[in-house]
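> One file is attached below, start-v6.cif, containing mmCIF, C-alpha atoms.
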```
data_structure
loop_
_atom_site.label_atom_id
_atom_site.label_comp_id
_atom_site.auth_asym_id
_atom_site.auth_seq_id
_atom_site.Cartn_x
_atom_site.Cartn_y
_atom_site.Cartn_z
CA MET A 282 -29.07 -35.85 -19.57
CA SER A 283 -31.14 -37.52 -22.25
CA ILE A 284 -28.35 -37.20 -24.79
CA ILE A 285 -25.94 -39.15 -22.67
CA LEU A 286 -28.51 -41.92 -22.33
CA ASN A 287 -28.73 -42.24 -26.09
CA LEU A 288 -25.09 -43.20 -26.39
CA ASN A 289 -25.19 -46.95 -26.72
CA LYS A 290 -22.68 -48.86 -24.59
CA ASN A 291 -22.62 -51.63 -27.18
CA PHE A 292 -21.14 -49.31 -29.77
CA GLU A 293 -18.43 -47.84 -27.57
CA ASN A 294 -15.94 -50.43 -28.75
CA ARG A 295 -14.24 -49.43 -32.00
CA ILE A 296 -14.59 -52.83 -33.62
CA ARG A 297 -18.30 -53.09 -32.88
CA LEU A 298 -18.73 -49.56 -34.17
CA GLY A 299 -16.80 -50.60 -37.28
CA ILE A 300 -18.88 -53.71 -37.88
CA MET A 301 -22.08 -51.68 -37.67
CA SER A 302 -20.68 -48.94 -39.95
CA VAL A 303 -19.94 -51.49 -42.63
CA LEU A 304 -23.23 -53.33 -42.28
CA VAL A 305 -25.55 -50.31 -42.38
CA VAL A 306 -24.30 -49.31 -45.83
CA ASN A 307 -24.12 -52.83 -47.27
CA ASP A 308 -26.43 -55.78 -47.59
CA TRP A 309 -24.99 -59.19 -46.61
CA VAL A 310 -21.24 -59.07 -45.89
CA ASP A 311 -19.25 -62.23 -45.21
CA PHE A 312 -16.79 -62.81 -42.38
CA ASN A 313 -13.59 -62.56 -44.43
CA THR A 314 -14.64 -59.32 -46.10
CA LEU A 315 -15.39 -57.81 -42.70
CA LYS A 316 -12.03 -58.98 -41.44
CA GLU A 317 -10.29 -57.42 -44.43
CA ILE A 318 -12.07 -54.08 -44.14
CA LEU A 319 -11.66 -53.76 -40.37
CA GLU A 320 -8.13 -55.24 -40.27
CA VAL A 321 -8.75 -57.34 -37.14
CA THR A 322 -7.99 -60.93 -36.11
CA ASP A 323 -10.48 -63.79 -36.47
CA GLY A 324 -11.05 -64.28 -32.76
CA ASN A 325 -11.45 -60.61 -32.05
CA LEU A 326 -13.97 -60.14 -34.83
CA ALA A 327 -15.90 -63.29 -33.89
CA SER A 328 -16.36 -62.25 -30.28
CA HIS A 329 -17.66 -58.79 -31.22
CA ILE A 330 -19.95 -60.27 -33.83
CA SER A 331 -21.50 -62.65 -31.34
CA SER A 332 -22.07 -59.83 -28.87
CA LEU A 333 -23.84 -57.75 -31.53
CA GLU A 334 -25.79 -60.82 -32.54
CA SER A 335 -26.97 -61.56 -29.01
CA ASN A 336 -28.31 -57.99 -28.87
CA LYS A 337 -30.20 -58.67 -32.14
CA TYR A 338 -28.37 -55.83 -33.90
CA ILE A 339 -27.17 -58.12 -36.66
CA GLU A 340 -28.38 -61.37 -38.17
CA THR A 341 -26.42 -64.31 -39.55
CA LYS A 342 -26.71 -66.47 -42.64
CA LYS A 343 -24.70 -69.66 -43.14
CA GLN A 344 -24.11 -71.12 -46.59
CA PHE A 345 -21.78 -73.56 -48.25
CA VAL A 346 -19.67 -72.38 -51.16
CA GLY A 347 -18.47 -75.69 -52.55
CA LYS A 348 -17.33 -77.47 -49.41
CA LYS A 349 -16.39 -74.33 -47.52
CA PRO A 350 -18.85 -72.84 -45.08
CA LYS A 351 -19.41 -69.12 -45.49
CA THR A 352 -21.07 -66.97 -42.88
CA SER A 353 -22.55 -63.62 -43.82
CA TYR A 354 -23.97 -60.85 -41.67
CA ARG A 355 -26.55 -58.15 -42.08
CA ALA A 356 -27.71 -55.31 -39.83
CA THR A 357 -31.26 -55.86 -38.56
CA PHE A 358 -33.82 -53.08 -38.70
CA TYR A 359 -33.53 -52.73 -34.94
CA GLY A 360 -29.73 -52.60 -35.20
CA ARG A 361 -29.91 -49.85 -37.80
CA GLU A 362 -32.24 -47.79 -35.61
CA GLU A 363 -30.00 -48.18 -32.58
CA PHE A 364 -26.91 -47.29 -34.60
CA GLN A 365 -28.62 -44.20 -36.00
CA LYS A 366 -29.56 -43.10 -32.46
CA HIS A 367 -25.95 -43.59 -31.38
CA ILE A 368 -24.61 -41.45 -34.24
CA ASP A 369 -27.23 -38.76 -33.59
CA ALA A 370 -26.15 -38.69 -29.94
CA LEU A 371 -22.48 -38.40 -30.92
CA GLU A 372 -23.30 -35.51 -33.23
CA ASP A 373 -25.37 -33.78 -30.58
CA ILE A 374 -22.57 -33.96 -28.06
CA ILE A 375 -20.02 -32.59 -30.51
CA ASN A 376 -22.33 -29.77 -31.60
CA LYS A 377 -23.04 -28.81 -27.97
CA GLN A 378 -19.31 -28.68 -27.25
CA ILE A 379 -18.77 -26.36 -30.19
CA ASN A 380 -21.60 -24.09 -29.02
CA ILE A 381 -20.17 -23.81 -25.52
CA LYS A 382 -16.87 -22.65 -26.94
CA MET B 18 -12.54 -32.85 -23.49
CA ASN B 19 -10.83 -36.19 -24.05
CA GLU B 20 -14.25 -37.76 -24.29
CA ASN B 21 -15.16 -35.25 -26.97
CA LYS B 22 -12.05 -36.07 -29.00
CA LYS B 23 -12.99 -39.74 -28.87
CA HIS B 24 -16.45 -38.94 -30.24
CA ILE B 25 -15.00 -36.98 -33.14
CA GLU B 26 -12.64 -39.86 -33.90
CA ASP B 27 -15.58 -42.27 -33.73
CA ILE B 28 -17.47 -40.26 -36.33
CA ALA B 29 -14.40 -40.05 -38.57
CA GLU B 30 -13.92 -43.81 -38.27
CA ILE B 31 -17.58 -44.51 -39.11
CA ARG B 32 -17.40 -42.31 -42.17
CA ASN B 33 -14.12 -43.88 -43.30
CA LEU B 34 -15.45 -47.44 -42.97
CA MET B 35 -18.70 -46.62 -44.72
CA GLU B 36 -16.80 -45.15 -47.67
CA LYS B 37 -14.22 -47.92 -47.74
CA SER B 38 -16.76 -50.73 -47.64
CA SER B 39 -19.33 -49.29 -50.01
CA LYS B 40 -17.41 -47.21 -52.50
CA PHE B 41 -14.94 -48.08 -55.15
CA ILE B 42 -12.57 -45.15 -54.80
CA SER B 43 -9.98 -45.67 -57.43
CA LEU B 44 -11.42 -44.96 -60.88
CA SER B 45 -8.79 -42.84 -62.47
CA GLY B 46 -9.50 -39.55 -64.17
CA LEU B 47 -6.65 -40.03 -66.62
CA SER B 48 -8.21 -43.23 -67.92
CA GLY B 49 -11.44 -41.30 -68.56
CA ILE B 50 -9.54 -38.72 -70.59
CA LEU B 51 -7.77 -41.44 -72.60
CA ALA B 52 -11.03 -43.34 -73.19
CA GLY B 53 -12.46 -40.11 -74.59
CA VAL B 54 -9.45 -39.57 -76.82
CA PHE B 55 -9.68 -43.14 -78.16
CA ALA B 56 -13.38 -42.64 -78.85
CA LEU B 57 -12.65 -39.44 -80.77
CA ILE B 58 -9.95 -41.18 -82.83
CA GLY B 59 -12.46 -43.94 -83.52
CA SER B 60 -15.11 -41.42 -84.59
CA ILE B 61 -12.70 -39.63 -86.91
CA THR B 62 -11.56 -42.93 -88.44
CA SER B 63 -15.10 -44.06 -89.05
CA TYR B 64 -16.09 -40.64 -90.39
CA TRP B 65 -13.20 -40.89 -92.83
CA TYR B 66 -14.17 -44.45 -93.74
CA ILE B 67 -17.90 -43.79 -94.20
CA ASN B 68 -17.72 -40.46 -96.00
CA ILE B 69 -14.42 -40.49 -97.88
CA SER B 70 -13.06 -43.99 -98.31
CA TYR B 71 -16.21 -46.10 -98.61
CA PRO B 72 -17.96 -44.15 -101.43
CA LYS B 73 -14.87 -44.63 -103.64
CA LEU B 74 -14.67 -48.37 -103.12
CA SER B 75 -16.03 -50.79 -105.62
CA ASN B 76 -14.60 -53.98 -104.13
CA PRO B 77 -14.00 -55.08 -100.54
CA ILE B 78 -10.48 -54.26 -99.32
CA PHE B 79 -9.74 -57.03 -96.82
CA LEU B 80 -12.47 -59.64 -96.89
CA LYS B 81 -12.80 -60.49 -100.56
CA SER B 82 -15.43 -63.17 -100.06
CA LEU B 83 -17.95 -60.71 -98.61
CA SER B 84 -20.05 -58.06 -100.28
CA ILE B 85 -18.79 -54.52 -99.81
CA GLU B 86 -21.69 -53.65 -97.50
CA ASN B 87 -21.06 -56.58 -95.19
CA GLU B 88 -17.36 -55.85 -95.13
CA SER B 89 -17.96 -52.24 -94.11
CA LYS B 90 -20.19 -53.43 -91.28
CA ILE B 91 -17.59 -55.86 -90.00
CA LEU B 92 -14.83 -53.26 -90.22
CA LEU B 93 -16.85 -50.74 -88.23
CA ILE B 94 -17.75 -53.31 -85.58
CA LEU B 95 -14.09 -54.34 -85.29
CA LEU B 96 -13.12 -50.69 -84.93
CA ALA B 97 -15.72 -50.18 -82.17
CA PHE B 98 -14.51 -53.33 -80.43
CA LEU B 99 -10.89 -52.23 -80.63
CA ILE B 100 -11.75 -48.85 -79.11
CA PHE B 101 -13.68 -50.58 -76.33
CA ILE B 102 -10.73 -52.88 -75.52
CA LEU B 103 -8.29 -49.94 -75.54
CA ALA B 104 -10.50 -47.84 -73.28
CA PHE B 105 -11.20 -50.73 -70.91
CA GLY B 106 -7.53 -51.70 -70.84
CA THR B 107 -6.37 -48.21 -69.90
CA ALA B 108 -9.07 -47.99 -67.22
CA VAL B 109 -7.81 -51.22 -65.64
CA TYR B 110 -4.18 -50.14 -66.03
CA PHE B 111 -4.53 -46.74 -64.41
CA THR B 112 -6.83 -48.01 -61.70
CA THR B 113 -4.34 -50.74 -60.75
CA LYS B 114 -1.55 -48.20 -60.71
CA ASN B 115 -3.55 -45.91 -58.44
CA ARG B 116 -4.35 -48.74 -56.08
CA LYS B 117 -0.73 -49.64 -55.50
CA ASN B 118 -0.16 -46.17 -54.10
CA LYS B 119 -3.02 -46.61 -51.68
CA SER B 120 -2.17 -50.11 -50.40
CA SER B 121 -5.48 -51.84 -50.95
CA LYS B 122 -6.66 -54.55 -53.26
CA LEU B 123 -8.09 -53.62 -56.65
CA TRP B 124 -10.44 -56.56 -56.81
CA ASN B 125 -12.15 -55.97 -53.50
CA TYR B 126 -15.72 -56.19 -52.32
CA SER B 127 -16.77 -52.79 -53.64
CA SER B 128 -15.03 -53.00 -57.01
CA LYS B 129 -16.77 -56.32 -57.60
CA LYS B 130 -20.09 -54.63 -56.97
CA VAL B 131 -19.29 -51.74 -59.32
CA VAL B 132 -18.20 -54.03 -62.12
CA GLY B 133 -21.17 -56.37 -61.60
CA ASN B 134 -23.66 -53.55 -61.67
CA LEU B 135 -21.99 -51.98 -64.68
CA PHE B 136 -21.89 -55.19 -66.68
CA ILE B 137 -25.44 -56.43 -66.25
CA PRO B 138 -27.09 -53.57 -68.17
CA LEU B 139 -24.05 -53.30 -70.44
CA SER B 140 -24.24 -56.91 -71.59
CA ILE B 141 -27.99 -56.66 -72.17
CA GLY B 142 -27.13 -53.60 -74.28
CA ALA B 143 -24.54 -55.60 -76.21
CA ILE B 144 -27.08 -58.34 -76.97
CA PHE B 145 -29.68 -55.75 -77.99
CA ILE B 146 -27.23 -53.94 -80.27
CA SER B 147 -26.01 -57.18 -81.84
CA TYR B 148 -29.64 -57.87 -82.73
CA LEU B 149 -29.94 -54.38 -84.26
CA ILE B 150 -26.82 -54.98 -86.37
CA LEU B 151 -27.94 -58.42 -87.54
CA ASN B 152 -31.30 -57.05 -88.60
CA ASN B 153 -29.98 -53.89 -90.24
CA TYR B 154 -31.53 -51.38 -87.84
CA CYS B 155 -28.23 -49.55 -88.07
CA GLU B 156 -29.58 -46.08 -87.39
CA LEU B 157 -30.57 -47.17 -83.86
CA ILE B 158 -27.09 -48.38 -82.86
CA VAL B 159 -25.71 -45.03 -81.68
CA PRO B 160 -28.77 -43.98 -79.62
CA SER B 161 -29.06 -47.41 -78.00
CA SER B 162 -25.34 -47.63 -77.15
CA LEU B 163 -25.51 -44.21 -75.50
CA ILE B 164 -28.70 -45.03 -73.62
CA PHE B 165 -27.56 -48.45 -72.39
CA TYR B 166 -24.19 -47.00 -71.39
CA GLY B 167 -25.87 -44.17 -69.50
CA LEU B 168 -28.14 -46.61 -67.65
CA SER B 169 -25.16 -48.84 -66.75
CA LEU B 170 -23.30 -45.86 -65.31
CA ILE B 171 -26.27 -44.78 -63.24
CA ASN B 172 -26.62 -48.33 -61.95
CA ALA B 173 -22.93 -48.56 -61.04
CA GLY B 174 -23.11 -45.09 -59.49
CA HIS B 175 -24.77 -46.51 -56.37
CA PHE B 176 -21.47 -48.12 -55.46
CA THR B 177 -18.87 -45.51 -56.31
CA PHE B 178 -18.55 -41.75 -56.33
CA SER B 179 -21.93 -40.34 -57.22
CA ASP B 180 -20.28 -38.15 -59.90
CA ILE B 181 -20.54 -41.08 -62.27
CA LYS B 182 -24.33 -40.82 -62.07
CA TYR B 183 -24.16 -37.36 -63.61
CA LEU B 184 -22.01 -38.73 -66.41
CA GLY B 185 -24.65 -41.44 -66.88
CA LEU B 186 -27.41 -38.85 -66.99
CA LEU B 187 -25.56 -36.79 -69.61
CA GLU B 188 -25.02 -39.96 -71.69
CA LEU B 189 -28.78 -40.60 -71.52
CA ILE B 190 -29.58 -37.05 -72.63
CA THR B 191 -27.05 -37.34 -75.50
CA GLY B 192 -28.64 -40.67 -76.41
CA CYS B 193 -32.11 -39.13 -76.58
CA PHE B 194 -30.89 -36.24 -78.73
CA SER B 195 -29.12 -38.66 -81.06
CA LEU B 196 -32.48 -40.39 -81.48
CA ILE B 197 -34.11 -37.10 -82.50
CA PHE B 198 -31.29 -35.96 -84.80
CA ILE B 199 -30.58 -39.41 -86.14
CA ASP B 200 -28.54 -38.23 -89.16
CA TYR B 201 -25.88 -36.72 -86.91
CA TYR B 202 -25.13 -40.05 -85.23
CA LEU B 203 -21.34 -39.66 -85.46
CA LEU B 204 -21.47 -36.22 -83.89
CA PHE B 205 -23.49 -37.54 -80.94
CA TRP B 206 -21.28 -40.60 -80.66
CA SER B 207 -18.25 -38.29 -80.42
CA ILE B 208 -19.98 -36.13 -77.82
CA GLY B 209 -21.17 -39.07 -75.73
CA PHE B 210 -18.12 -41.30 -75.79
CA GLY B 211 -15.45 -38.71 -76.57
CA ALA B 212 -16.13 -35.23 -75.23
CA LEU B 213 -18.09 -36.30 -72.13
CA HIS B 214 -15.39 -38.77 -71.08
CA ILE B 215 -12.65 -36.19 -71.53
CA ILE B 216 -14.52 -33.55 -69.52
CA TYR B 217 -15.46 -36.09 -66.85
CA GLY B 218 -11.88 -37.37 -66.68
CA ILE B 219 -10.48 -33.86 -66.25
CA LEU B 220 -13.00 -33.03 -63.52
CA MET B 221 -12.26 -36.29 -61.67
CA TYR B 222 -8.55 -35.70 -61.97
CA ILE B 223 -8.84 -32.22 -60.49
CA LYS B 224 -11.24 -33.34 -57.75
CA TYR B 225 -9.60 -36.53 -56.47
CA GLU B 226 -6.10 -37.04 -57.84
CA ARG B 227 -4.30 -33.73 -58.11
CA LYS B 228 -2.41 -33.10 -54.91
#
```
Kindly transcribe the structure held in the file into structure tokens.

Amino acid sequence: MSIILNLNKNFENRIRLGIMSVLVVNDWVDFNTLKEILEVTDGNLASHISSLESNKYIETKKQFVGKKPKTSYRATFYGREEFQKHIDALEDIINKQINIK
Amino acid sequence: MNENKKHIEDIAEIRNLMEKSSKFISLSGLSGILAGVFALIGSITSYWYINISYPKLSNPIFLKSLSIENESKILLILLAFLIFILAFGTAVYFTTKNRKNKSSKLWNYSSKKVVGNLFIPLSIGAIFISYLILNNYCELIVPSSLIFYGLSLINAGHFTFSDIKYLGLLELITGCFSLIFIDYYLLFWSIGFGALHIIYGILMYIKYERK
């Protein structure tokens, strides 16, 4: 039972999973780079970012490059821990399935 | 069962995105081989110049206003520079060609990081070596180029295939040996910039490009 509990509902969505995957292996990543890597639309990405942000999994930094605003994101320590737990749970489930067979 | 398939796909997707966003995947093995070949041609040319042509000269060949010693220095630096441009040019050429097959931009987030991390130690090395040349510490040029190059590769290795770190490590070892056996500088230069690049290029080609 405990394994199932470790699967984090917040990471069930592919885009949120993608955002976290990119952020745990990089430092600050800006919005356009994320969009390019994940191949998603602005609105879609923005809504998933704000949901991750409200859970304190990622943090935001706003800067101006010339006159253009640039927003960058980074995974928080808490977000990294939660993501790691989620991956561990995924692995556990897959391994158990293989053992049953 | 369906659930399980989704989990496996999730893991595959995570791995794919981590690689894509953090690693610069397109350094071509062929360009490594060619860089090595250029370096060997350069070594042979300079060997010929230093040991066969130069001792017979009594006057400068091209730059009549300079002393023969200064001219030889400038010629060797120009040769090194030419080799560097050729090697760098082929690396960019082959890497761009590779990218087109894989439908992704060459100048993306991760390639910027690789180039940045390669060029910081490399440019410090260039400044350091220019100082050595200007002050006639010529025997230290080969060891310091190898060592700075090795350190740059290790630094860039955090952002691309980790194989490049091993190349960096071997360059460092070659650099240290060239410091010990300082008279054989051309031999170590050929090993470090020629042979190692060719071997590395062949290995990379077999590992990532051959289909």
> Residues of chain A within 8 Å of chain B, counting only C-alpha atoms, what are they? List them as a list in words.
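My answer is Arg295, Leu298, Gly299, Ser302, Val303, Val306, Asn307, Thr314, Ile318, Leu319, Ile368, Leu371, Ile374, Ile375 and Gln378 of chain A.
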> Those selected residues, please, written with C-alpha atoms and delivered as a CSV table (one decimal), keeping the file's coordinate frame.

```csv
chain,number,residue,atom,x,y,z
A,295,ARG,CA,-14.2,-49.4,-32.0
A,298,LEU,CA,-18.7,-49.6,-34.2
A,299,GLY,CA,-16.8,-50.6,-37.3
A,302,SER,CA,-20.7,-48.9,-40.0
A,303,VAL,CA,-19.9,-51.5,-42.6
A,306,VAL,CA,-24.3,-49.3,-45.8
A,307,ASN,CA,-24.1,-52.8,-47.3
A,314,THR,CA,-14.6,-59.3,-46.1
A,318,ILE,CA,-12.1,-54.1,-44.1
A,319,LEU,CA,-11.7,-53.8,-40.4
A,368,ILE,CA,-24.6,-41.4,-34.2
A,371,LEU,CA,-22.5,-38.4,-30.9
A,374,ILE,CA,-22.6,-34.0,-28.1
A,375,ILE,CA,-20.0,-32.6,-30.5
A,378,GLN,CA,-19.3,-28.7,-27.2
```
> Go through the shown structure with the PyMOL selection byres ((chain A and resi 361) around 12) and write out the matching residues as a list in words.
Phe292, Leu298, Ile300, Met301, Ser302, Val303, Leu304, Val305, Val306, Asn307, Asp308, Leu333, Lys337, Tyr338, Ile339, Glu340, Arg355, Ala356, Thr357, Phe358, Tyr359, Gly360, Glu362, Glu363, Phe364, Gln365, Lys366, His367 and Ile368 of chain A
> Output the residue selection produced by the PyMOL selection byres ((chain A and resi 329) around 12) on the file above, formatted as a ChimeraX atom specification.
/A:291-301,312,315-316,321-328,330-336,338-339
> Can you pull out every residue within 12 Å of region 344-350 of chain A, counting all atoms listed in the file, but drop anything in the same chain fewer than 2 positions away, and send it as a ChimeraX atom specification?
/A:309,311-313,341-342,352-354
> Need the shell around Val54 (chain B): protein/DNA/RNA residues with any atom at most 9 Å away, counting all atoms listed in the file. Skip same-chain ones fewer than 3 positions apart. Format as a PDB file with C-alpha atoms, in the frame of the given file?

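Output file result_10.pdb follows:
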```pdb
ATOM      1  CA  GLY B  49     -11.440 -41.300 -68.560  1.00  0.00           C
ATOM      2  CA  ILE B  50      -9.540 -38.720 -70.590  1.00  0.00           C
ATOM      3  CA  LEU B  51      -7.770 -41.440 -72.600  1.00  0.00           C
ATOM      4  CA  LEU B  57     -12.650 -39.440 -80.770  1.00  0.00           C
ATOM      5  CA  ILE B  58      -9.950 -41.180 -82.830  1.00  0.00           C
ATOM      6  CA  GLY B  59     -12.460 -43.940 -83.520  1.00  0.00           C
ATOM      7  CA  PHE B 210     -18.120 -41.300 -75.790  1.00  0.00           C
ATOM      8  CA  GLY B 211     -15.450 -38.710 -76.570  1.00  0.00           C
ATOM      9  CA  ALA B 212     -16.130 -35.230 -75.230  1.00  0.00           C
ATOM     10  CA  HIS B 214     -15.390 -38.770 -71.080  1.00  0.00           C
ATOM     11  CA  ILE B 215     -12.650 -36.190 -71.530  1.00  0.00           C
TER      12      ILE B 215
END
```
> Give me, please, the distance in Å between CA of Asp180 (chain B) and CA of Met221 (chain B), quoted to one decimal.
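For CA of Asp180 (chain B) relative to CA of Met221 (chain B), the distance reads 8.4 Å.
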> Evaluated on this file, the PyMOL selection byres ((chain B and resi 93) around 12) picks out some residues - which ones are they, written as a PyMOL selection string?
chain B and resi 59-67+71+86-92+94-100+150+155+158
> In terms of the shortest atom-to-atom distance over all atoms listed in the file, which of B:Ile171, B:Leu103, B:Ile69, B:Leu163 is closest to Gly192 (chain B)?
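Smallest distance to Gly192 (chain B) is found for B:Leu163.
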> For the atom pair CA of Ile197 (chain B) and CA of Tyr154 (chain B), what is the interatomic distance in Å to one decimal place?
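Pair CA of Ile197 (chain B) / CA of Tyr154 (chain B) returns 15.5 Å.
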> Counting only C-alpha atoms, which residues come within 12 Å of (-14.4, -36.0, -66.2), with the point read in the file's coordinates, and could you list them as a ChimeraX atom specification?
/B:44-53,180-185,187,210-226
> Figure out the distance between CA of Ala173 (chain B) and CA of Val159 (chain B), please, to one decimal in Å.
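Taking CA of Val159 (chain B) and CA of Ala173 (chain B), their separation equals 21.1 Å.
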